[in-house]
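File shown here: start_17.pdb, holding PDB, C-alpha atoms and all ligand atoms.
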```
MODEL        1
ATOM      1  CA  MET A1431     134.575 112.958  93.438
ATOM      2  CA  THR A1432     131.261 114.533  92.608
ATOM      3  CA  GLN A1433     129.572 116.793  95.049
ATOM      4  CA  TYR A1434     127.067 114.054  95.694
ATOM      5  CA  THR A1435     129.756 111.511  96.538
ATOM      6  CA  ASN A1436     131.288 113.952  98.963
ATOM      7  CA  GLY A1437     127.941 114.479 100.568
ATOM      8  CA  LEU A1438     127.360 110.779 100.874
ATOM      9  CA  THR A1439     130.798 110.199 102.330
ATOM     10  CA  GLN A1440     129.970 112.712 105.015
ATOM     11  CA  LEU A1441     126.791 110.884 105.776
ATOM     12  CA  VAL A1442     128.661 107.595 106.035
ATOM     13  CA  SER A1443     131.313 109.071 108.276
ATOM     14  CA  GLY A1444     128.542 110.570 110.354
ATOM     15  CA  GLY A1445     127.384 107.047 111.043
ATOM     16  CA  ARG A1446     124.008 107.303 109.378
ATOM     17  CA  PHE A1447     124.597 104.667 106.743
ATOM     18  CA  LYS A1448     126.957 102.354 108.557
ATOM     19  CA  ASN A1449     125.344  99.131 107.540
ATOM     20  CA  GLY A1450     126.053  96.213 105.272
ATOM     21  CA  ASN A1451     124.770  98.125 102.280
ATOM     22  CA  GLY A1452     127.149 101.040 102.725
ATOM     23  CA  SER A1453     129.383 100.122  99.838
ATOM     24  CA  LYS A1454     126.422  99.649  97.514
ATOM     25  CA  LEU A1455     125.281 103.208  98.081
ATOM     26  CA  HIS A1456     128.374 104.530  96.334
ATOM     27  CA  ASN A1457     127.311 102.853  93.122
ATOM     28  CA  LEU A1458     123.972 104.626  92.986
ATOM     29  CA  LYS A1459     123.446 107.936  91.296
ATOM     30  CA  GLU A1460     121.915 110.707  93.336
ATOM     31  CA  GLU A1461     118.555 110.477  91.631
ATOM     32  CA  GLU A1462     118.510 106.728  92.189
ATOM     33  CA  TYR A1463     119.121 106.937  95.876
ATOM     34  CA  PHE A1464     117.362 110.133  96.785
ATOM     35  CA  GLY A1465     114.752 110.229  94.057
ATOM     36  CA  ASP A1466     111.376 108.638  93.628
ATOM     37  CA  ASN A1467     112.544 105.437  92.032
ATOM     38  CA  HIS A1468     111.731 103.425  95.130
ATOM     39  CA  ILE A1469     114.613 101.010  94.937
ATOM     40  CA  ALA A1470     114.224  97.935  97.112
ATOM     41  CA  SER A1471     117.674  97.004  98.392
ATOM     42  CA  GLY A1472     116.947  93.423  99.478
ATOM     43  CA  ILE A1473     114.640  91.272 101.525
ATOM     44  CA  GLU A1474     116.044  92.395 104.879
ATOM     45  CA  THR A1475     115.176  95.851 106.156
ATOM     46  CA  PRO A1476     118.510  97.712 106.120
ATOM     47  CA  LEU A1477     119.389  98.132 109.782
ATOM     48  CA  LYS A1478     122.584  99.210 111.497
ATOM     49  CA  PRO A1479     124.340  96.529 113.563
ATOM     50  CA  ASP A1480     123.702  98.618 116.676
ATOM     51  CA  ALA A1481     120.036  99.245 115.829
ATOM     52  CA  PHE A1482     118.775  98.039 119.203
ATOM     53  CA  VAL A1483     121.531  99.131 121.564
ATOM     54  CA  LEU A1484     119.440 102.112 122.645
ATOM     55  CA  ASP A1485     116.245 101.333 124.521
ATOM     56  CA  ASP A1486     112.910 102.770 123.403
ATOM     57  CA  GLN A1487     112.983 105.564 125.965
ATOM     58  CA  SER A1488     116.386 106.802 124.811
ATOM     59  CA  LYS A1489     115.303 106.638 121.170
ATOM     60  CA  MET A1490     112.200 108.693 121.929
ATOM     61  CA  GLU A1491     114.236 111.356 123.734
ATOM     62  CA  ILE A1492     116.671 111.690 120.799
ATOM     63  CA  ILE A1493     113.895 111.777 118.196
ATOM     64  CA  GLU A1494     111.944 114.318 120.249
ATOM     65  CA  HIS A1495     115.004 116.592 120.361
ATOM     66  CA  HIS A1496     115.626 116.333 116.628
ATOM     67  CA  PHE A1497     111.992 116.746 115.646
ATOM     68  CA  GLU A1498     111.910 119.867 117.748
ATOM     69  CA  GLN A1499     114.855 121.121 115.675
ATOM     70  CA  ILE A1500     112.993 120.344 112.447
ATOM     71  CA  MET A1501     109.948 122.284 113.615
ATOM     72  CA  GLU A1502     112.093 125.188 114.795
ATOM     73  CA  THR A1503     113.880 125.236 111.446
ATOM     74  CA  LEU A1504     110.554 125.372 109.642
ATOM     75  CA  GLY A1505     109.864 128.480 111.687
ATOM     76  CA  LEU A1506     107.199 127.070 113.948
ATOM     77  CA  ASP A1507     106.669 128.588 117.382
ATOM     78  CA  LEU A1508     107.049 125.751 119.849
ATOM     79  CA  THR A1509     105.771 127.858 122.715
ATOM     80  CA  ASP A1510     102.335 127.695 121.079
ATOM     81  CA  ASP A1511      99.978 125.456 123.041
ATOM     82  CA  SER A1512      99.019 123.433 120.011
ATOM     83  CA  LEU A1513     102.602 122.702 118.911
ATOM     84  CA  ARG A1514     104.388 122.298 122.230
ATOM     85  CA  GLY A1515     103.707 118.607 122.612
ATOM     86  CA  THR A1516     104.242 117.643 118.977
ATOM     87  CA  PRO A1517     107.923 116.593 119.152
ATOM     88  CA  HIS A1518     107.119 114.241 122.028
ATOM     89  CA  ARG A1519     104.020 112.881 120.296
ATOM     90  CA  VAL A1520     105.911 112.248 117.052
ATOM     91  CA  ALA A1521     108.795 110.536 118.869
ATOM     92  CA  LYS A1522     106.417 108.258 120.750
ATOM     93  CA  MET A1523     104.448 107.520 117.597
ATOM     94  CA  PHE A1524     107.603 106.607 115.646
ATOM     95  CA  VAL A1525     109.033 104.244 118.250
ATOM     96  CA  LYS A1526     105.929 102.721 119.818
ATOM     97  CA  GLU A1527     103.419 102.768 116.998
ATOM     98  CA  ILE A1528     104.140 103.266 113.326
ATOM     99  CA  PHE A1529     107.659 101.751 113.401
ATOM    100  CA  TYR A1530     107.147  99.157 116.144
ATOM    101  CA  GLY A1531     107.801  96.459 113.548
ATOM    102  CA  LEU A1532     111.485  97.371 113.376
ATOM    103  CA  HIS A1533     112.178  95.684 116.706
ATOM    104  CA  PRO A1534     112.402  91.876 116.622
ATOM    105  CA  ASN A1535     111.046  91.758 120.190
ATOM    106  CA  ASN A1536     107.731  92.996 118.827
ATOM    107  CA  LYS A1537     107.369  90.193 116.329
ATOM    108  CA  PRO A1538     104.093  88.369 117.008
ATOM    109  CA  THR A1539     104.383  84.858 118.360
ATOM    110  CA  ILE A1540     102.856  82.572 115.792
ATOM    111  CA  SER A1541     100.988  79.501 116.912
ATOM    112  CA  VAL A1542     100.597  76.793 114.329
ATOM    113  CA  PHE A1543      98.456  73.695 114.457
ATOM    114  CA  GLU A1544      98.422  70.303 112.916
ATOM    115  CA  ASN A1545      96.116  70.151 109.896
ATOM    116  CA  LYS A1546      93.736  67.637 111.458
ATOM    117  CA  PHE A1547      90.980  68.379 108.968
ATOM    118  CA  ARG A1548      93.222  67.237 106.121
ATOM    119  CA  TYR A1549      92.162  70.380 104.289
ATOM    120  CA  GLY A1550      94.318  70.298 101.190
ATOM    121  CA  GLN A1551      92.892  73.123  99.109
ATOM    122  CA  ILE A1552      93.894  76.748  98.888
ATOM    123  CA  LEU A1553      93.193  78.809 101.968
ATOM    124  CA  VAL A1554      92.797  82.503 101.224
ATOM    125  CA  GLU A1555      92.632  85.345 103.666
ATOM    126  CA  LYS A1556      91.816  88.475 101.758
ATOM    127  CA  ASN A1557      91.332  92.187 102.352
ATOM    128  CA  ILE A1558      93.769  92.332 105.250
ATOM    129  CA  ARG A1559      94.101  95.954 106.257
ATOM    130  CA  LEU A1560      97.559  97.292 105.551
ATOM    131  CA  ASN A1561      99.037 100.525 106.879
ATOM    132  CA  SER A1562     102.681 101.032 106.119
ATOM    133  CA  PHE A1563     105.112 103.884 105.564
ATOM    134  CA  CYS A1564     107.241 104.676 102.544
ATOM    135  CA  GLU A1565     110.892 104.672 103.554
ATOM    136  CA  HIS A1566     111.769 107.291 100.952
ATOM    137  CA  HIS A1567     109.363 109.945 102.187
ATOM    138  CA  PHE A1568     108.041 108.639 105.533
ATOM    139  CA  LEU A1569     104.493 109.002 104.220
ATOM    140  CA  PRO A1570     101.683 106.441 104.567
ATOM    141  CA  ILE A1571     101.130 103.490 102.273
ATOM    142  CA  THR A1572      97.596 102.188 102.703
ATOM    143  CA  GLY A1573      95.975  99.211 101.137
ATOM    144  CA  LYS A1574      95.071  95.575 101.426
ATOM    145  CA  ALA A1575      96.980  92.334 101.489
ATOM    146  CA  HIS A1576      95.623  89.052 100.175
ATOM    147  CA  ILE A1577      97.302  85.865 101.343
ATOM    148  CA  GLY A1578      96.933  82.326 100.078
ATOM    149  CA  TYR A1579      98.567  79.075 101.083
ATOM    150  CA  ILE A1580      98.158  75.360 100.711
ATOM    151  CA  SER A1581      98.824  73.438 103.896
ATOM    152  CA  THR A1582     101.236  70.546 103.876
ATOM    153  CA  GLY A1583     100.289  69.561 107.421
ATOM    154  CA  THR A1584     100.626  72.821 109.332
ATOM    155  CA  VAL A1585      97.957  75.494 109.652
ATOM    156  CA  ILE A1586      98.128  78.925 111.220
ATOM    157  CA  GLY A1587      95.603  80.786 113.353
ATOM    158  CA  LEU A1588      93.912  83.163 110.911
ATOM    159  CA  SER A1589      94.386  86.325 112.953
ATOM    160  CA  LYS A1590      98.114  85.562 113.070
ATOM    161  CA  ILE A1591      98.298  86.267 109.350
ATOM    162  CA  ASN A1592      96.876  89.739 110.030
ATOM    163  CA  ARG A1593      99.412  90.226 112.810
ATOM    164  CA  LEU A1594     102.312  89.281 110.566
ATOM    165  CA  VAL A1595     101.138  91.693 107.880
ATOM    166  CA  ASP A1596     100.801  94.393 110.535
ATOM    167  CA  TYR A1597     104.264  93.727 111.978
ATOM    168  CA  TYR A1598     106.149  93.892 108.697
ATOM    169  CA  SER A1599     104.087  96.900 107.576
ATOM    170  CA  HIS A1600     105.039  98.956 110.592
ATOM    171  CA  ARG A1601     108.507  99.815 109.394
ATOM    172  CA  PRO A1602     109.815 102.279 106.891
ATOM    173  CA  GLN A1603     109.111 100.130 103.831
ATOM    174  CA  VAL A1604     109.016  99.721 100.102
ATOM    175  CA  GLN A1605     106.038  97.714  98.932
ATOM    176  CA  GLU A1606     108.164  95.182  97.067
ATOM    177  CA  ARG A1607     110.193  94.306 100.146
ATOM    178  CA  LEU A1608     107.105  94.182 102.357
ATOM    179  CA  THR A1609     105.513  91.657  99.986
ATOM    180  CA  VAL A1610     108.575  89.413  99.975
ATOM    181  CA  GLN A1611     109.097  89.647 103.740
ATOM    182  CA  ILE A1612     105.535  88.537 104.465
ATOM    183  CA  ALA A1613     105.831  85.628 102.010
ATOM    184  CA  ALA A1614     109.189  84.501 103.436
ATOM    185  CA  GLU A1615     107.845  84.525 106.980
ATOM    186  CA  LEU A1616     104.740  82.550 106.032
ATOM    187  CA  LYS A1617     106.817  79.968 104.159
ATOM    188  CA  GLN A1618     108.983  79.472 107.217
ATOM    189  CA  VAL A1619     106.122  79.316 109.710
ATOM    190  CA  LEU A1620     103.907  77.069 107.590
ATOM    191  CA  LYS A1621     106.786  74.871 106.431
ATOM    192  CA  THR A1622     105.631  75.063 102.831
ATOM    193  CA  GLU A1623     106.654  76.797  99.636
ATOM    194  CA  ASP A1624     103.015  77.017  98.532
ATOM    195  CA  VAL A1625     102.399  80.630  99.487
ATOM    196  CA  ALA A1626     100.964  83.617  97.606
ATOM    197  CA  VAL A1627     100.977  87.243  98.687
ATOM    198  CA  LEU A1628      99.282  90.047  96.761
ATOM    199  CA  ILE A1629      99.317  93.622  97.991
ATOM    200  CA  GLU A1630      97.411  96.503  96.476
ATOM    201  CA  ALA A1631      98.200  99.860  98.005
ATOM    202  CA  THR A1632      98.196 103.577  97.440
ATOM    203  CA  HIS A1633     101.225 105.655  98.315
ATOM    204  CA  MET A1634     100.691 109.082  99.757
ATOM    205  CA  CYS A1635     104.059 110.156  98.339
ATOM    206  CA  VAL A1636     102.510 109.636  94.899
ATOM    207  CA  SER A1637      99.046 111.037  95.666
ATOM    208  CA  CYS A1638      99.914 114.112  97.757
ATOM    209  CA  ARG A1639     103.220 115.324  96.376
ATOM    210  CA  GLY A1640     105.358 114.924  93.279
ATOM    211  CA  ILE A1641     103.080 113.756  90.463
ATOM    212  CA  ARG A1642      99.998 114.044  92.751
ATOM    213  CA  ASP A1643      98.187 111.133  91.207
ATOM    214  CA  GLU A1644      95.336 110.177  93.483
ATOM    215  CA  SER A1645      93.913 107.442  91.293
ATOM    216  CA  SER A1646      96.843 105.075  90.865
ATOM    217  CA  SER A1647      97.572 102.114  93.070
ATOM    218  CA  THR A1648     100.486  99.708  93.161
ATOM    219  CA  LEU A1649     100.167  95.947  92.982
ATOM    220  CA  THR A1650     102.919  93.599  94.077
ATOM    221  CA  THR A1651     102.846  89.820  94.172
ATOM    222  CA  GLU A1652     105.009  87.024  95.449
ATOM    223  CA  TYR A1653     104.128  83.515  94.294
ATOM    224  CA  SER A1654     106.038  80.431  95.200
ATOM    225  CA  GLY A1655     105.623  76.672  95.072
ATOM    226  CA  ALA A1656     102.275  75.572  93.655
ATOM    227  CA  PHE A1657     101.265  79.179  93.017
ATOM    228  CA  ASN A1658     103.711  79.254  90.133
ATOM    229  CA  GLN A1659     101.294  76.954  88.310
ATOM    230  CA  ASP A1660      98.928  78.989  86.211
ATOM    231  CA  LYS A1661      95.818  77.041  87.308
ATOM    232  CA  ILE A1662      96.494  77.485  91.023
ATOM    233  CA  ARG A1663      97.453  81.106  90.587
ATOM    234  CA  GLN A1664      94.273  81.860  88.642
ATOM    235  CA  GLU A1665      92.215  80.190  91.345
ATOM    236  CA  PHE A1666      93.861  82.400  93.970
ATOM    237  CA  LEU A1667      93.291  85.514  91.867
ATOM    238  CA  ARG A1668      89.662  84.559  91.334
ATOM    239  CA  TYR A1669      89.145  84.312  95.082
ATOM    240  CA  VAL A1670      90.688  87.698  95.722
ATOM    241  CA  ASP A1671      88.821  89.128  92.746
ATOM    242  CA  HIS A1672      91.807  90.298  90.730
ATOM    243  CA  ASN A1673      91.974  89.553  87.041
ATOM    244  CA  ILE A1674      95.636  89.797  86.277
TER     245      ILE A1674
HETATM  246 ZN    ZN B   1     107.765 107.414  98.674
ENDMDL
END
```
Let me see the structure of the file written as structure tokens.
Ligand SMILES: [Zn+2]
Amino acid sequence: MTQYTNGLTQLVSGGRFKNGNGSKLHNLKEEEYFGDNHIASGIETPLKPDAFVLDDQSKMEIIEHHFEQIMETLGLDLTDDSLRGTPHRVAKMFVKEIFYGLHPNNKPTISVFENKFRYGQILVEKNIRLNSFCEHHFLPITGKAHIGYISTGTVIGLSKINRLVDYYSHRPQVQERLTVQIAAELKQVLKTEDVAVLIEATHMCVSCRGIRDESSSTLTTEYSGAFNQDKIRQEFLRYVDHNI
């Protein structure tokens, strides 16, 4: 066993990776799992089976304790007025705000309507604000999502698309998975395969550390149904002003 494998085994036995993907982790090299390669492990966010046994309050108390330890370890003086409340603030922010989308109870209820207008063309909602968080570094991913669909009889309230994007964004994420999760949800809700999702985002883990490239952005797309046809796809891209 390599040193890495030993380390990973300890993590598994410590209960931190006890999920359905546990066995897969052993096949990855250290740099693949812990590096910057941003591997997306599947459409589902990898969660432990007991992910929601603890209530929010208990989670916040545990996170507060551990974040305090992190700050102490970094050498920060937690008796300082400015720092004293930080562990509590971070814990609350993790559970109630930036990672609220982990909990299925927080999923927005989506109202759909019958397409009475018989509108059969592409509907595009573009420039949807997107704030997410890289699951490899816990740093912000910021950008925009552009959504297109062609109704087969069901339409969705427009703001609900924003809410879905917001919900799936507020988890530790990789952009590829986020794109696919939003598309899968829209296909299910709208009862159609004719869905397109395009996300353009910048990753703070690329701009502020590592390579420190502030100018690059990442584009991900998920096309299904009619959007696999070149003509329809080009029409969508024209509307969102991307020439790809
Ligand atoms: Zn990252």
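Residue selection for this entry, given the PyMOL selection byres (((not hetatm)) within 8 of (chain B and resi 1)), comprises A:Asp1466, A:His1468, A:Cys1564, A:Glu1565, A:His1566, A:His1567, A:Phe1568, A:Leu1569, A:Val1604, A:His1633, A:Met1634, A:Cys1635, A:Val1636.
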Selected residues written out, C-alpha atoms, as a PDB file, in the frame of the given file:
```pdb
ATOM      1  CA  ASP A1466     111.376 108.638  93.628  1.00  0.00           C
ATOM      2  CA  HIS A1468     111.731 103.425  95.130  1.00  0.00           C
ATOM      3  CA  CYS A1564     107.241 104.676 102.544  1.00  0.00           C
ATOM      4  CA  GLU A1565     110.892 104.672 103.554  1.00  0.00           C
ATOM      5  CA  HIS A1566     111.769 107.291 100.952  1.00  0.00           C
ATOM      6  CA  HIS A1567     109.363 109.945 102.187  1.00  0.00           C
ATOM      7  CA  PHE A1568     108.041 108.639 105.533  1.00  0.00           C
ATOM      8  CA  LEU A1569     104.493 109.002 104.220  1.00  0.00           C
ATOM      9  CA  VAL A1604     109.016  99.721 100.102  1.00  0.00           C
ATOM     10  CA  HIS A1633     101.225 105.655  98.315  1.00  0.00           C
ATOM     11  CA  MET A1634     100.691 109.082  99.757  1.00  0.00           C
ATOM     12  CA  CYS A1635     104.059 110.156  98.339  1.00  0.00           C
ATOM     13  CA  VAL A1636     102.510 109.636  94.899  1.00  0.00           C
TER      14      VAL A1636
END
```
Just the residues within 12 Å of Asn1535 of chain A, please, counting all atoms listed in the file, with nothing from its chain fewer than 5 positions along; format it as a PyMOL selection string.
chain A and resi 1482+1485-1486+1530+1597
Taking the file as I've supplied it (selection: the PyMOL selection byres (((chain A and resi 1585) around 12) and not hetatm)), which residues are included? Please answer as a ChimeraX atom specification.
/A:1540-1553,1578-1584,1586-1591,1616-1622
Output C-alpha atoms for every residue in that selection, as a PDB file, in the frame of the given file.
```pdb
ATOM      1  CA  ILE A1540     102.856  82.572 115.792  1.00  0.00           C
ATOM      2  CA  SER A1541     100.988  79.501 116.912  1.00  0.00           C
ATOM      3  CA  VAL A1542     100.597  76.793 114.329  1.00  0.00           C
ATOM      4  CA  PHE A1543      98.456  73.695 114.457  1.00  0.00           C
ATOM      5  CA  GLU A1544      98.422  70.303 112.916  1.00  0.00           C
ATOM      6  CA  ASN A1545      96.116  70.151 109.896  1.00  0.00           C
ATOM      7  CA  LYS A1546      93.736  67.637 111.458  1.00  0.00           C
ATOM      8  CA  PHE A1547      90.980  68.379 108.968  1.00  0.00           C
ATOM      9  CA  ARG A1548      93.222  67.237 106.121  1.00  0.00           C
ATOM     10  CA  TYR A1549      92.162  70.380 104.289  1.00  0.00           C
ATOM     11  CA  GLY A1550      94.318  70.298 101.190  1.00  0.00           C
ATOM     12  CA  GLN A1551      92.892  73.123  99.109  1.00  0.00           C
ATOM     13  CA  ILE A1552      93.894  76.748  98.888  1.00  0.00           C
ATOM     14  CA  LEU A1553      93.193  78.809 101.968  1.00  0.00           C
ATOM     15  CA  GLY A1578      96.933  82.326 100.078  1.00  0.00           C
ATOM     16  CA  TYR A1579      98.567  79.075 101.083  1.00  0.00           C
ATOM     17  CA  ILE A1580      98.158  75.360 100.711  1.00  0.00           C
ATOM     18  CA  SER A1581      98.824  73.438 103.896  1.00  0.00           C
ATOM     19  CA  THR A1582     101.236  70.546 103.876  1.00  0.00           C
ATOM     20  CA  GLY A1583     100.289  69.561 107.421  1.00  0.00           C
ATOM     21  CA  THR A1584     100.626  72.821 109.332  1.00  0.00           C
ATOM     22  CA  ILE A1586      98.128  78.925 111.220  1.00  0.00           C
ATOM     23  CA  GLY A1587      95.603  80.786 113.353  1.00  0.00           C
ATOM     24  CA  LEU A1588      93.912  83.163 110.911  1.00  0.00           C
ATOM     25  CA  SER A1589      94.386  86.325 112.953  1.00  0.00           C
ATOM     26  CA  LYS A1590      98.114  85.562 113.070  1.00  0.00           C
ATOM     27  CA  ILE A1591      98.298  86.267 109.350  1.00  0.00           C
ATOM     28  CA  LEU A1616     104.740  82.550 106.032  1.00  0.00           C
ATOM     29  CA  LYS A1617     106.817  79.968 104.159  1.00  0.00           C
ATOM     30  CA  GLN A1618     108.983  79.472 107.217  1.00  0.00           C
ATOM     31  CA  VAL A1619     106.122  79.316 109.710  1.00  0.00           C
ATOM     32  CA  LEU A1620     103.907  77.069 107.590  1.00  0.00           C
ATOM     33  CA  LYS A1621     106.786  74.871 106.431  1.00  0.00           C
ATOM     34  CA  THR A1622     105.631  75.063 102.831  1.00  0.00           C
TER      35      THR A1622
END
```
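Here atom CA of Met1523 of chain A stands at a distance of 9.0 Å from atom CA of Met1490 of chain A.
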Can you work out the spacing between atom CA of Ile1629 of chain A and atom CA of Gln1659 of chain A in Å, to one decimal?
19.4 Å
Which residues, written as a VMD selection string, have at least one atom at most 7 Å from Ala1613 of chain A, with all atoms listed in the file counted and residues fewer than 6 positions away on the same chain left out?
chain A and resid 1625 to 1627 1652
Write the residues of the preceding selection, restricted to C-alpha atoms, as a compact mmCIF listing (two decimals), in the coordinates of the input.
```
# COMPACT_ATOMS: atom_id res chain seq x y z
CA VAL A 1625 102.40 80.63 99.49
CA ALA A 1626 100.96 83.62 97.61
CA VAL A 1627 100.98 87.24 98.69
CA GLU A 1652 105.01 87.02 95.45
```
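Restricting the calculation to only C-alpha atoms, the smallest distance between Ile1528 of chain A and any of A:Arg1601, A:Gly1515, A:Ile1571, A:Arg1559 is found for A:Arg1601.
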Please check which residues have atoms at most 9 Å from (105.9, 89.7, 116.0) in the file's coordinates, counting all atoms listed in the file, and write them as an NGL selection string.
:A and (1531 or 1533-1540 or 1593-1594 or 1596-1598)
Can you work out the spacing between atom CA of Ile1577 of chain A and atom CA of Val1554 of chain A in Å, to one decimal?
5.6 Å
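Selection check: the PyMOL selection byres (((chain A and resi 1497) around 9) and not hetatm) on the shown file gives Ile1492, Ile1493, Glu1494, His1495, His1496, Glu1498, Gln1499, Ile1500, Met1501, Glu1502, Thr1516, Pro1517, His1518, Val1520 and Ala1521 of chain A.
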Those same residues, written as a compact mmCIF listing (two decimals), in the frame of the given file with C-alpha atoms?
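Contents of the output file part-v9.txt:
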```
# COMPACT_ATOMS: atom_id res chain seq x y z
CA ILE A 1492 116.67 111.69 120.80
CA ILE A 1493 113.90 111.78 118.20
CA GLU A 1494 111.94 114.32 120.25
CA HIS A 1495 115.00 116.59 120.36
CA HIS A 1496 115.63 116.33 116.63
CA GLU A 1498 111.91 119.87 117.75
CA GLN A 1499 114.86 121.12 115.68
CA ILE A 1500 112.99 120.34 112.45
CA MET A 1501 109.95 122.28 113.62
CA GLU A 1502 112.09 125.19 114.80
CA THR A 1516 104.24 117.64 118.98
CA PRO A 1517 107.92 116.59 119.15
CA HIS A 1518 107.12 114.24 122.03
CA VAL A 1520 105.91 112.25 117.05
CA ALA A 1521 108.80 110.54 118.87
```
Given the choices A:Asp1507, A:Glu1555, A:Asp1660, A:Glu1491, which gets closest to Val1525 of chain A if the distance is worked out from all atoms listed in the file?
A:Glu1491
Between A:Asn1557, A:Gln1603, A:Ile1641, A:Ala1656, which residue has the minimum interatomic distance to Leu1628 of chain A, considering only C-alpha atoms?
A:Asn1557
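The closest residue to Gly1573 of chain A, picked from A:Glu1665, A:Glu1474, A:Glu1606, A:Glu1630 and counting all atoms listed in the file, is A:Glu1630.
With distances restricted to all atoms listed in the file, A:Lys1556 is the closest residue to Leu1667 of chain A from A:Ser1645, A:Glu1623, A:Thr1609, A:Lys1556.
Comparing the minimum interatomic distances between Tyr1653 of chain A and each of A:Phe1563, A:Phe1524, A:Phe1666, A:Phe1529, counting all atoms listed in the file, we find that A:Phe1666 sits nearest.
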